[in-house]
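Next up, structure34.csv (CSV, C-alpha atoms and all ligand atoms):
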chain,number,residue,atom,x,y,z
A,21,MET,CA,17.6,-6.5,-14.6
A,22,ALA,CA,16.6,-6.1,-11.0
A,23,GLN,CA,14.8,-3.1,-9.6
A,24,THR,CA,16.6,-1.6,-6.5
A,25,ILE,CA,14.4,-0.2,-3.7
A,26,VAL,CA,15.8,1.7,-0.7
A,27,VAL,CA,13.8,1.9,2.5
A,28,THR,CA,14.9,5.1,4.1
A,29,SER,CA,13.8,7.9,6.5
A,30,GLY,CA,16.5,10.1,7.9
A,31,LYS,CA,15.0,9.8,11.4
A,32,GLY,CA,15.8,6.6,13.4
A,33,GLY,CA,13.3,4.2,14.8
A,34,VAL,CA,10.4,5.0,12.5
A,35,GLY,CA,10.0,1.4,11.1
A,36,LYS,CA,12.5,1.0,8.2
A,37,THR,CA,13.7,-2.5,9.2
A,38,THR,CA,10.2,-3.6,10.0
A,39,THR,CA,9.1,-2.4,6.6
A,40,SER,CA,12.1,-3.8,4.7
A,41,ALA,CA,11.4,-7.3,6.2
A,42,ALA,CA,7.7,-7.1,5.5
A,43,PHE,CA,8.0,-5.6,2.0
A,44,ALA,CA,10.7,-7.9,0.8
A,45,SER,CA,8.6,-10.9,2.1
A,46,GLY,CA,5.6,-9.5,0.3
A,47,LEU,CA,7.4,-9.2,-3.0
A,48,ALA,CA,8.6,-12.8,-2.6
A,49,LEU,CA,5.1,-14.0,-1.7
A,50,ARG,CA,4.1,-12.6,-5.1
A,51,GLY,CA,6.6,-14.8,-6.7
A,52,HIS,CA,9.5,-12.4,-7.3
A,53,ARG,CA,13.0,-13.4,-6.6
A,54,THR,CA,14.0,-10.9,-3.9
A,55,VAL,CA,17.0,-10.1,-1.7
A,56,VAL,CA,16.9,-7.8,1.3
A,57,ILE,CA,20.2,-6.1,2.4
A,58,ASP,CA,21.1,-4.7,5.8
A,59,PHE,CA,23.0,-1.4,5.3
A,60,ASP,CA,23.1,-0.6,9.0
A,61,VAL,CA,26.7,-1.6,9.7
A,62,GLY,CA,27.4,-2.0,13.4
A,63,LEU,CA,23.8,-2.1,14.4
A,64,ARG,CA,22.7,-5.2,12.5
A,65,ASN,CA,19.0,-5.9,13.1
A,66,LEU,CA,17.4,-7.1,9.9
A,67,ASP,CA,18.6,-10.7,10.6
A,68,LEU,CA,16.7,-10.6,13.9
A,69,VAL,CA,13.5,-9.3,12.4
A,70,MET,CA,13.7,-11.9,9.6
A,71,GLY,CA,14.5,-14.6,12.2
A,72,CYS,CA,17.7,-15.8,10.6
A,73,GLU,CA,20.3,-14.5,13.2
A,74,ARG,CA,21.6,-17.9,14.0
A,75,ARG,CA,22.4,-18.7,10.5
A,76,VAL,CA,24.7,-15.7,9.8
A,77,VAL,CA,28.2,-16.9,9.0
A,78,TYR,CA,29.5,-14.4,6.5
A,79,ASP,CA,28.1,-10.9,5.8
A,80,PHE,CA,27.9,-8.0,3.4
A,81,ILE,CA,31.2,-6.6,4.6
A,82,ASN,CA,33.0,-9.9,4.2
A,83,VAL,CA,31.9,-10.0,0.6
A,84,ILE,CA,33.0,-6.4,0.0
A,85,HIS,CA,36.4,-7.2,1.4
A,86,GLY,CA,36.7,-10.3,-0.6
A,87,GLU,CA,36.7,-12.6,2.4
A,88,ALA,CA,33.7,-14.5,1.2
A,89,ARG,CA,31.8,-15.0,-1.9
A,90,LEU,CA,28.3,-13.6,-2.3
A,91,GLN,CA,26.7,-17.1,-2.4
A,92,GLN,CA,28.3,-17.8,1.0
A,93,ALA,CA,26.8,-14.7,2.6
A,94,LEU,CA,23.3,-14.9,1.3
A,95,ILE,CA,20.9,-16.6,3.7
A,96,ARG,CA,17.7,-18.2,2.3
A,97,ASP,CA,14.5,-17.2,4.1
A,98,ARG,CA,13.0,-19.7,6.6
A,99,THR,CA,9.7,-19.9,4.7
A,100,LEU,CA,10.0,-18.4,1.2
A,101,ASP,CA,12.6,-20.0,-1.0
A,102,ASN,CA,12.8,-17.1,-3.5
A,103,LEU,CA,13.8,-14.7,-0.7
A,104,TYR,CA,17.3,-14.1,0.5
A,105,ILE,CA,18.9,-12.0,3.2
A,106,LEU,CA,22.3,-10.3,3.0
A,107,PRO,CA,23.1,-9.5,6.7
A,108,THR,CA,25.6,-6.9,7.7
A,109,SER,CA,28.5,-6.9,10.1
A,110,GLN,CA,27.9,-6.3,13.8
A,111,THR,CA,31.3,-4.9,14.5
A,112,ARG,CA,33.0,-2.9,11.8
A,113,ASP,CA,32.8,0.8,11.2
A,114,LYS,CA,30.7,2.4,8.6
A,115,GLU,CA,33.7,3.2,6.4
A,116,ALA,CA,33.8,-0.5,5.6
A,117,LEU,CA,31.0,0.2,3.1
A,118,SER,CA,33.2,1.4,0.2
A,119,ALA,CA,31.4,2.8,-2.8
A,120,GLU,CA,33.2,0.5,-5.2
A,121,GLY,CA,32.6,-2.6,-3.0
A,122,VAL,CA,28.9,-1.8,-2.7
A,123,ALA,CA,28.7,-1.2,-6.5
A,124,ARG,CA,30.3,-4.6,-7.2
A,125,VAL,CA,27.9,-6.5,-4.9
A,126,MET,CA,24.9,-4.7,-6.4
A,127,ALA,CA,26.0,-5.5,-9.9
A,128,GLU,CA,26.3,-9.2,-9.0
A,129,LEU,CA,22.8,-9.2,-7.3
A,130,GLN,CA,21.3,-7.5,-10.3
A,131,GLN,CA,22.0,-10.7,-12.3
A,132,GLU,CA,20.3,-13.0,-9.8
A,133,PHE,CA,17.2,-11.1,-8.6
A,134,ASP,CA,14.0,-9.3,-9.6
A,135,TYR,CA,14.1,-6.9,-6.6
A,136,ILE,CA,16.8,-5.7,-4.3
A,137,VAL,CA,15.5,-4.1,-1.1
A,138,CYS,CA,18.0,-2.0,0.8
A,139,ASP,CA,17.3,-1.4,4.5
A,140,SER,CA,19.0,2.0,5.2
A,141,PRO,CA,20.4,3.1,8.6
A,142,ALA,CA,19.1,6.3,10.1
A,143,GLY,CA,20.8,9.6,9.5
A,144,ILE,CA,22.3,11.1,6.4
A,145,GLU,CA,25.9,9.8,6.7
A,146,THR,CA,27.8,7.3,4.7
A,147,GLY,CA,25.7,4.3,5.4
A,148,ALA,CA,22.4,6.0,4.4
A,149,LEU,CA,24.1,7.5,1.3
A,150,ARG,CA,25.4,4.1,0.2
A,151,ALA,CA,22.0,2.5,0.8
A,152,LEU,CA,20.2,5.1,-1.4
A,153,TYR,CA,22.9,5.5,-4.1
A,154,HIS,CA,21.8,2.6,-6.4
A,155,ALA,CA,18.0,3.1,-5.9
A,156,ASP,CA,15.5,3.1,-8.7
A,157,ALA,CA,12.7,3.6,-6.2
A,158,ALA,CA,12.6,4.9,-2.6
A,159,ILE,CA,10.1,4.1,0.2
A,160,VAL,CA,10.3,7.0,2.6
A,161,VAL,CA,9.1,5.7,5.9
A,162,THR,CA,7.5,8.5,7.9
A,163,ASN,CA,5.8,8.7,11.3
A,164,PRO,CA,3.0,11.3,11.7
A,165,GLU,CA,5.2,13.5,13.9
A,166,VAL,CA,7.2,16.7,13.3
A,167,SER,CA,10.8,15.5,13.4
A,168,SER,CA,10.1,12.5,11.2
A,169,VAL,CA,8.3,14.6,8.6
A,170,ARG,CA,11.2,17.1,8.6
A,171,ASP,CA,13.8,14.4,8.2
A,172,SER,CA,11.8,12.7,5.4
A,173,ASP,CA,11.9,16.0,3.6
A,174,ARG,CA,15.7,16.1,4.0
A,175,ILE,CA,16.1,12.6,2.7
A,176,LEU,CA,13.9,13.4,-0.3
A,177,GLY,CA,16.3,16.3,-1.1
A,178,ILE,CA,19.3,14.0,-0.8
A,179,LEU,CA,17.6,11.4,-3.1
A,180,ALA,CA,17.1,14.0,-5.7
A,181,ALA,CA,20.7,15.2,-5.5
A,182,ARG,CA,23.0,12.4,-4.5
A,183,SER,CA,21.6,9.2,-6.0
A,184,LYS,CA,23.3,7.5,-8.9
A,185,ARG,CA,20.3,8.4,-11.1
A,186,ALA,CA,20.7,12.0,-10.1
A,187,GLU,CA,24.4,12.0,-10.8
A,188,GLU,CA,24.0,10.4,-14.2
A,189,GLY,CA,21.1,12.8,-15.1
A,190,ARG,CA,18.7,9.9,-15.6
A,191,GLU,CA,15.0,9.7,-14.6
A,192,PRO,CA,14.8,10.6,-10.9
A,193,VAL,CA,14.4,8.0,-8.2
A,194,GLN,CA,10.7,7.1,-7.9
A,195,GLU,CA,9.5,8.4,-4.5
A,196,HIS,CA,6.9,6.7,-2.4
A,197,LEU,CA,5.6,7.8,1.0
A,198,LEU,CA,4.9,5.1,3.6
A,199,LEU,CA,3.2,6.4,6.7
A,200,THR,CA,3.7,4.1,9.6
A,201,ARG,CA,2.7,3.9,13.3
A,202,TYR,CA,-0.5,5.7,12.3
A,203,SER,CA,-3.2,6.0,14.9
A,204,PRO,CA,-6.6,7.0,13.4
A,205,LYS,CA,-8.0,7.6,16.9
A,206,ARG,CA,-5.4,10.1,17.8
A,207,VAL,CA,-5.8,11.8,14.4
A,208,GLN,CA,-9.5,12.0,15.0
A,209,GLU,CA,-8.8,13.7,18.3
A,210,GLY,CA,-6.5,16.2,16.7
A,211,GLU,CA,-3.4,14.9,18.5
A,212,MET,CA,-1.7,13.5,15.4
A,213,LEU,CA,-0.9,14.8,11.9
A,214,SER,CA,-3.4,13.2,9.5
A,215,LEU,CA,-2.3,11.4,6.3
A,216,GLU,CA,-3.7,14.3,4.3
A,217,ASP,CA,-1.5,16.7,6.3
A,218,VAL,CA,1.7,14.6,5.7
A,219,LYS,CA,0.9,14.2,2.0
A,220,GLU,CA,0.4,17.9,1.6
A,221,LEU,CA,3.6,18.7,3.5
A,222,LEU,CA,5.9,16.2,1.7
A,223,ARG,CA,4.2,16.2,-1.7
A,224,VAL,CA,5.1,12.6,-2.4
A,225,PRO,CA,2.6,10.0,-3.7
A,226,LEU,CA,1.3,7.8,-0.8
A,227,LEU,CA,2.1,4.1,-1.1
A,228,GLY,CA,0.4,3.0,2.1
A,229,VAL,CA,-0.5,3.6,5.7
A,230,ILE,CA,0.6,1.1,8.4
A,231,PRO,CA,-1.3,1.4,11.6
A,232,GLU,CA,0.3,1.5,15.1
A,233,SER,CA,-0.2,-2.0,16.3
A,234,PRO,CA,1.0,-4.4,19.1
A,235,VAL,CA,1.3,-7.1,16.4
A,236,ILE,CA,4.5,-5.6,15.3
A,237,LEU,CA,6.2,-6.4,18.6
A,238,GLN,CA,4.7,-10.0,18.6
A,239,ALA,CA,6.2,-10.5,15.1
A,240,SER,CA,9.6,-9.1,16.0
A,241,ASN,CA,9.7,-11.1,19.2
A,242,GLN,CA,9.5,-14.3,17.1
A,243,GLY,CA,11.5,-13.1,14.1
A,244,ILE,CA,8.6,-13.3,11.8
A,245,PRO,CA,8.1,-10.5,9.2
A,246,ALA,CA,4.9,-8.7,10.0
A,247,ILE,CA,3.3,-9.6,6.7
A,248,HIS,CA,3.1,-13.2,7.8
A,249,MET,CA,0.9,-12.3,10.9
A,250,LYS,CA,-2.2,-13.7,9.3
A,251,GLY,CA,-5.4,-11.7,9.6
A,252,SER,CA,-3.8,-8.8,11.4
A,253,ASP,CA,-4.2,-5.2,10.4
A,254,VAL,CA,-0.5,-4.7,9.8
A,255,ALA,CA,-0.2,-7.8,7.6
A,256,GLN,CA,-3.0,-6.6,5.5
A,257,ALA,CA,-1.7,-3.0,5.3
A,258,TYR,CA,1.7,-4.3,4.2
A,259,GLU,CA,0.1,-6.6,1.6
A,260,ASP,CA,-1.8,-3.6,0.2
A,261,THR,CA,1.4,-1.6,0.1
A,262,VAL,CA,3.2,-4.3,-1.9
A,263,ALA,CA,0.3,-4.6,-4.3
A,264,ARG,CA,0.2,-0.9,-4.9
A,265,PHE,CA,3.9,-0.9,-5.5
A,266,LEU,CA,3.4,-3.5,-8.2
A,267,GLY,CA,0.8,-1.3,-9.8
A,268,GLU,CA,-2.5,-2.6,-8.4
A,269,GLU,CA,-5.2,-0.2,-7.1
A,270,ARG,CA,-6.1,-0.8,-3.5
A,271,PRO,CA,-8.3,1.4,-1.3
A,272,LEU,CA,-6.6,2.6,2.0
A,273,ARG,CA,-7.6,0.5,5.0
A,274,PHE,CA,-7.1,1.1,8.7
A,275,VAL,CA,-7.2,4.9,8.4
A,276,GLN,CA,-10.5,5.5,10.0
A,277,GLN,CA,-11.2,5.1,13.7
A,278,GLU,CA,-13.3,2.0,14.3
A,279,LYS,CA,-16.6,2.9,15.7
A,280,SER,CA,-16.8,1.1,19.0
A,281,SER,CA,-20.2,-0.2,19.7
A,282,PHE,CA,-22.3,0.9,22.6
A,283,PHE,CA,-21.6,-2.3,24.5
A,284,LYS,CA,-18.0,-2.2,23.8
A,285,ARG,CA,-17.8,1.2,25.3
A,286,LEU,CA,-19.9,0.2,28.2
A,287,PHE,CA,-17.8,-2.8,29.1
A,288,GLY,CA,-14.5,-1.4,28.0
A,289,GLY,CA,-14.0,-3.7,25.0
B,1046,MET,CA,-6.9,31.4,25.6
B,1047,SER,CA,-10.0,31.9,27.5
B,1048,PHE,CA,-11.8,29.6,29.9
B,1049,LEU,CA,-14.7,29.6,27.5
B,1050,ASP,CA,-12.6,28.7,24.5
B,1051,TYR,CA,-11.5,25.6,26.3
B,1052,PHE,CA,-15.0,24.4,27.0
B,1053,LEU,CA,-16.3,25.3,23.5
B,1054,GLY,CA,-13.5,23.2,22.1
B,1055,THR,CA,-12.1,26.1,20.1
B,1056,ARG,CA,-8.6,25.5,21.5
B,1057,LYS,CA,-6.2,24.9,18.7
B,1058,LYS,CA,-5.5,21.2,18.4
B,1059,THR,CA,-1.8,20.2,18.7
B,1060,ALA,CA,-1.8,18.4,15.3
B,1061,SER,CA,-2.7,21.6,13.5
B,1062,VAL,CA,0.0,23.5,15.5
B,1063,ALA,CA,2.4,20.8,14.3
B,1064,LYS,CA,1.3,21.2,10.7
B,1065,ASP,CA,1.7,25.0,10.8
B,1066,ARG,CA,5.2,24.7,12.2
B,1067,LEU,CA,6.2,22.1,9.6
B,1068,LYS,CA,4.9,24.3,6.7
B,1069,LEU,CA,7.2,27.1,7.8
B,1070,ILE,CA,10.3,25.0,8.5
B,1071,LEU,CA,10.0,22.9,5.3
B,1072,ALA,CA,9.6,26.1,3.2
B,1073,HIS,CA,12.6,27.6,4.8
B,1074,GLU,CA,14.8,24.5,4.5
B,1075,ARG,CA,13.8,23.8,0.9
B,1076,SER,CA,14.8,27.4,-0.1
B,1077,ASP,CA,18.3,27.0,1.5
B,1078,GLY,CA,21.2,27.3,-1.0
B,1079,THR,CA,21.0,28.1,-4.6
B,1080,PRO,CA,19.0,25.8,-6.9
B,1081,ASP,CA,21.1,23.4,-9.0
B,1082,PHE,CA,19.9,24.8,-12.3
B,1083,LEU,CA,21.0,28.4,-11.6
B,1084,PRO,CA,24.4,28.1,-13.3
B,1085,ALA,CA,22.9,26.5,-16.4
B,1086,LEU,CA,20.1,29.1,-16.5
B,1087,GLN,CA,22.8,31.8,-16.3
B,1088,ALA,CA,24.8,30.4,-19.2
B,1089,GLU,CA,21.8,30.0,-21.4
B,1090,LEU,CA,20.4,33.5,-20.7
B,1091,MET,CA,23.9,34.8,-21.5
B,1092,ALA,CA,23.9,33.0,-24.8
B,1093,VAL,CA,20.5,34.4,-25.8
B,1094,ILE,CA,21.2,37.9,-24.8
B,1095,SER,CA,24.5,38.2,-26.4
B,1096,LYS,CA,22.9,37.1,-29.7
B,1097,TYR,CA,21.2,40.5,-29.8
B,1098,ILE,CA,23.2,42.7,-27.6
B,1099,PRO,CA,27.0,42.7,-27.3
B,1100,VAL,CA,27.5,42.2,-23.6
B,1101,GLU,CA,30.2,40.7,-21.4
B,1102,LYS,CA,29.6,37.9,-19.0
B,1103,GLU,CA,30.3,40.2,-16.1
B,1104,GLN,CA,27.4,42.5,-17.2
B,1105,ILE,CA,24.8,39.9,-16.6
B,1106,SER,CA,23.7,38.6,-13.2
B,1107,VAL,CA,21.0,36.1,-12.3
B,1108,HIS,CA,19.8,35.7,-8.8
B,1109,MET,CA,17.2,33.7,-7.1
B,1110,GLU,CA,15.8,34.7,-3.7
B,1111,ARG,CA,12.9,34.1,-1.4
B,1112,ARG,CA,10.8,37.1,-0.3
B,1113,GLY,CA,8.1,36.1,2.1
B,1114,ASP,CA,6.0,33.6,0.2
B,1115,PHE,CA,7.5,34.3,-3.2
B,1116,GLU,CA,10.5,33.1,-5.0
B,1117,VAL,CA,12.0,36.0,-7.0
B,1118,LEU,CA,14.2,35.4,-10.1
B,1119,GLU,CA,16.2,38.6,-10.7
B,1120,LEU,CA,18.0,39.3,-14.0
B,1121,ASN,CA,20.2,42.3,-14.3
B,1122,VAL,CA,21.8,43.2,-17.6
B,1123,LEU,CA,24.2,46.2,-17.7
B,1124,PHE,CA,24.1,47.7,-21.2
B,1125,PRO,CA,27.4,48.8,-22.6
B,1126,ASP,CA,27.6,52.5,-23.5
B,1127,GLN,CA,26.3,53.1,-26.9
B,1128,ARG,CA,28.5,55.6,-28.5
C,1,LIG,N1,3.4,-0.1,12.9
C,1,LIG,C1,4.0,-0.2,14.1
C,1,LIG,N2,3.3,-0.3,15.2
C,1,LIG,C2,3.9,-0.5,16.4
C,1,LIG,N3,5.3,-0.5,16.5
C,1,LIG,C3,6.0,-0.4,15.4
C,1,LIG,C4,5.5,-0.2,14.1
C,1,LIG,N4,6.5,-0.1,13.2
C,1,LIG,C5,7.6,-0.2,13.9
C,1,LIG,N5,7.4,-0.4,15.3
C,1,LIG,C6,8.4,-0.5,16.3
C,1,LIG,O1,9.2,0.6,16.3
C,1,LIG,C7,10.5,0.2,16.6
C,1,LIG,C8,11.5,0.7,15.5
C,1,LIG,O2,11.2,-0.1,14.4
C,1,LIG,P1,12.4,-0.4,13.3
C,1,LIG,O3,13.5,-1.1,14.0
C,1,LIG,O4,11.7,-1.1,12.2
C,1,LIG,O5,12.8,1.0,12.9
C,1,LIG,P2,14.0,1.5,12.1
C,1,LIG,O6,13.6,2.7,11.3
C,1,LIG,O7,14.6,0.4,11.3
C,1,LIG,O8,15.0,1.9,13.2
C,1,LIG,P3,16.6,2.3,13.0
C,1,LIG,O9,16.6,3.7,12.5
C,1,LIG,O10,17.2,2.2,14.4
C,1,LIG,O11,17.2,1.4,12.1
C,1,LIG,C9,10.5,-1.3,16.9
C,1,LIG,O12,10.5,-1.5,18.2
C,1,LIG,C10,9.3,-1.7,16.2
C,1,LIG,O13,8.8,-2.9,16.7
C,2,MG,MG,16.6,-0.3,11.2
Same coordinates, now as structure tokens:
Amino acid sequence: MAQTIVVTSGKGGVGKTTTSAAFASGLALRGHRTVVIDFDVGLRNLDLVMGCERRVVYDFINVIHGEARLQQALIRDRTLDNLYILPTSQTRDKEALSAEGVARVMAELQQEFDYIVCDSPAGIETGALRALYHADAAIVVTNPEVSSVRDSDRILGILAARSKRAEEGREPVQEHLLLTRYSPKRVQEGEMLSLEDVKELLRVPLLGVIPESPVILQASNQGIPAIHMKGSDVAQAYEDTVARFLGEERPLRFVQQEKSSFFKRLFGG
Amino acid sequence: MSFLDYFLGTRKKTASVAKDRLKLILAHERSDGTPDFLPALQAELMAVISKYIPVEKEQISVHMERRGDFEVLELNVLFPDQR
């Protein structure tokens, strides 16, 4: 039986798709059969971040409408053969994601995979609700910034009330906070909410901190999930995040400002 | 804010302003609406009380409200005339 994980946030542009791609790749790197689904109907992006956009023939909506079989729509990852991508449609409206249709596809995926990662669209409308409905666990992606924290709180309330687990009165969805685009330097200068601040405000266990990094853009430019950017801070931070999700203890990294050496400061290193 | 504050670095940092604003707004938004358990609590209290005192459902009211920093659970039972 697969575990279903929704990557959600309420607010747009905080790093859900970046995280979904990196996290799903990380699970696959650890040997787990993983599928990552794009729920952002009309604004398909996951295929680009995963670098498989040219291989999309059928999509999630085609499967829901019975126009293609699941096997025809699933795309195998370029580098990991236990990772699959289920892209979404570029054109159709959000209503295309019928509750029954999604449930049917999820049930089928449950049989095939260990982990199902759902990349949620922004907002709290149909698409976001469908993405979180089947979740066993949620990764709430949050930036250290007022509107993102507020929207994360909203989405936590929705997870507690509107998920399938909530409706059936089962154990609640396991909540994880992932703080992204974190800049220790700006925190140090008192310009950015610290990870302690955000933890205290949202009261959700912290799964990881992903630093603000130019590597993210280099990765998405090439369609390579950030976790494959060998040696980079973001790759290591995402690796730690996956390890913690799987129950390992890992100390937080990249949360302190690097002390720049005297020479670096002198020569602007 | 004084000129001196500025140079002594006692000016409030923007991150702590953000935190204070969020504390208020989250507390406010979380307390919106009645909690989900209220109807169930109401029914169970009703069952317990009517075991000892003969009361009608209309004579019991259970409310939850926020007063400043507190959440107040208010239980009102109107006893029937004992004649
Ligand atoms: N740690 C990071 N450092 C720097 N840039 C980042 C980081 N994480 C994400 N970004 C950038 O932020 C932008 C938004 O990221 P992404 O598309 O993953 O967000 P999203 O939450 O999926 O957005 P949407 O709500 O539109 O679906 C992208 O340009 C991405 O490259
Ligand atoms: Mg996205």
Got a sec to pull out which chain A residues are within 9 Å of chain B, counting only C-alpha atoms, and send them as a PyMOL selection string?
chain A and resi 165-167+169-170+173-174+177+181+207+209-214+217-218+221-222
Record the distance separating CA of Glu220 in chain A and CA of Asp171 in chain A, expressed in Å with one decimal.
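We find that CA of Glu220 in chain A and CA of Asp171 in chain A lie 15.3 Å from each other.
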Quick one, how far is CA of Gln92 in chain A from CA of Tyr153 in chain A?
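Computed distance, CA of Gln92 in chain A to CA of Tyr153 in chain A, equals 24.5 Å.
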Nearest to Thr261 in chain A by atom-to-atom distance, counting all atoms listed in the file, from A:Gln242, A:Ser40, A:Ser183, A:Gln194
A:Ser40
Check which residues fall inside 6 Å of ligand MG 2 (chain C) when counting all atoms listed in the file, and print them as a ChimeraX atom specification.
/A:36-37,141
Residues of the last selection are to be written out with C-alpha atoms, as a PDB file, in the frame of the given file.
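Listing of out.pdb after writing:
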ATOM      1  CA  LYS A  36      12.500   1.000   8.200  1.00  0.00           C
ATOM      2  CA  THR A  37      13.700  -2.500   9.200  1.00  0.00           C
ATOM      3  CA  PRO A 141      20.400   3.100   8.600  1.00  0.00           C
TER       4      PRO A 141
END
Who sits within 10 Å of Arg89 in chain A, all atoms listed in the file, same chain under 3 positions skipped, as a list in words
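Neighbouring residues, sequence-local ones excluded: Tyr78, Asp79, Phe80, Asn82, Val83, Ile84, His85, Gly86, Gln92, Ala93, Leu94 and Val125 of chain A.
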File dump, residues just selected, C-alpha atoms, as a short mmCIF file (atom, residue, chain, number, x, y, z; two decimals), in the coordinates of the input:
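After the write, selection-v6.cif holds the following:
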data_model
loop_
_atom_site.label_atom_id
_atom_site.label_comp_id
_atom_site.auth_asym_id
_atom_site.auth_seq_id
_atom_site.Cartn_x
_atom_site.Cartn_y
_atom_site.Cartn_z
CA TYR A 78 29.50 -14.40 6.50
CA ASP A 79 28.10 -10.90 5.80
CA PHE A 80 27.90 -8.00 3.40
CA ASN A 82 33.00 -9.90 4.20
CA VAL A 83 31.90 -10.00 0.60
CA ILE A 84 33.00 -6.40 0.00
CA HIS A 85 36.40 -7.20 1.40
CA GLY A 86 36.70 -10.30 -0.60
CA GLN A 92 28.30 -17.80 1.00
CA ALA A 93 26.80 -14.70 2.60
CA LEU A 94 23.30 -14.90 1.30
CA VAL A 125 27.90 -6.50 -4.90
#
Expected answer as a ChimeraX atom specification: residues within 6 Å of ligand LIG 1 (chain C), only C-alpha atoms and all ligand atoms:
/A:32-38,141-142,200-201,230-234,236-237
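Across the model, the gap from CA of Pro245 in chain A to CA of Ala157 in chain A is 21.4 Å.
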Using all atoms listed in the file - which residues lie no farther than 12 Å from the point (15.1, -8.3, 5.4) in the file's frame? Write them as a PyMOL selection string.
chain A and resi 26-27+36-48+54-60+64-73+94-98+103-108+136-140+240+243-247
Excluding range 1089-1101 of chain B and its own-chain neighbours fewer than 3 positions away, which residues fall within 7 Å of it when counting all atoms listed in the file? Please give them as a list in words.
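Answer for this query is Ala1085, Leu1086, Gln1104, Phe1124 and Pro1125 of chain B.
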Would you kindly return, as a list in words, each protein, DNA or RNA residue with an atom no farther than 12 Å from any atom of Arg1112 in chain B, considering all atoms listed in the file and excluding same-chain residues fewer than 6 positions away?
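Non-adjacent residues within range: Ala1072, His1073, Ser1076, Leu1118 and Glu1119 of chain B.
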Find the residues around Leu1120 in chain B up to 8 Å (all atoms listed in the file counted), leave out those fewer than 2 positions away in its own chain, and share them as JSON, numbers by chain.
{"B": [1105, 1106, 1107, 1108, 1118, 1122]}
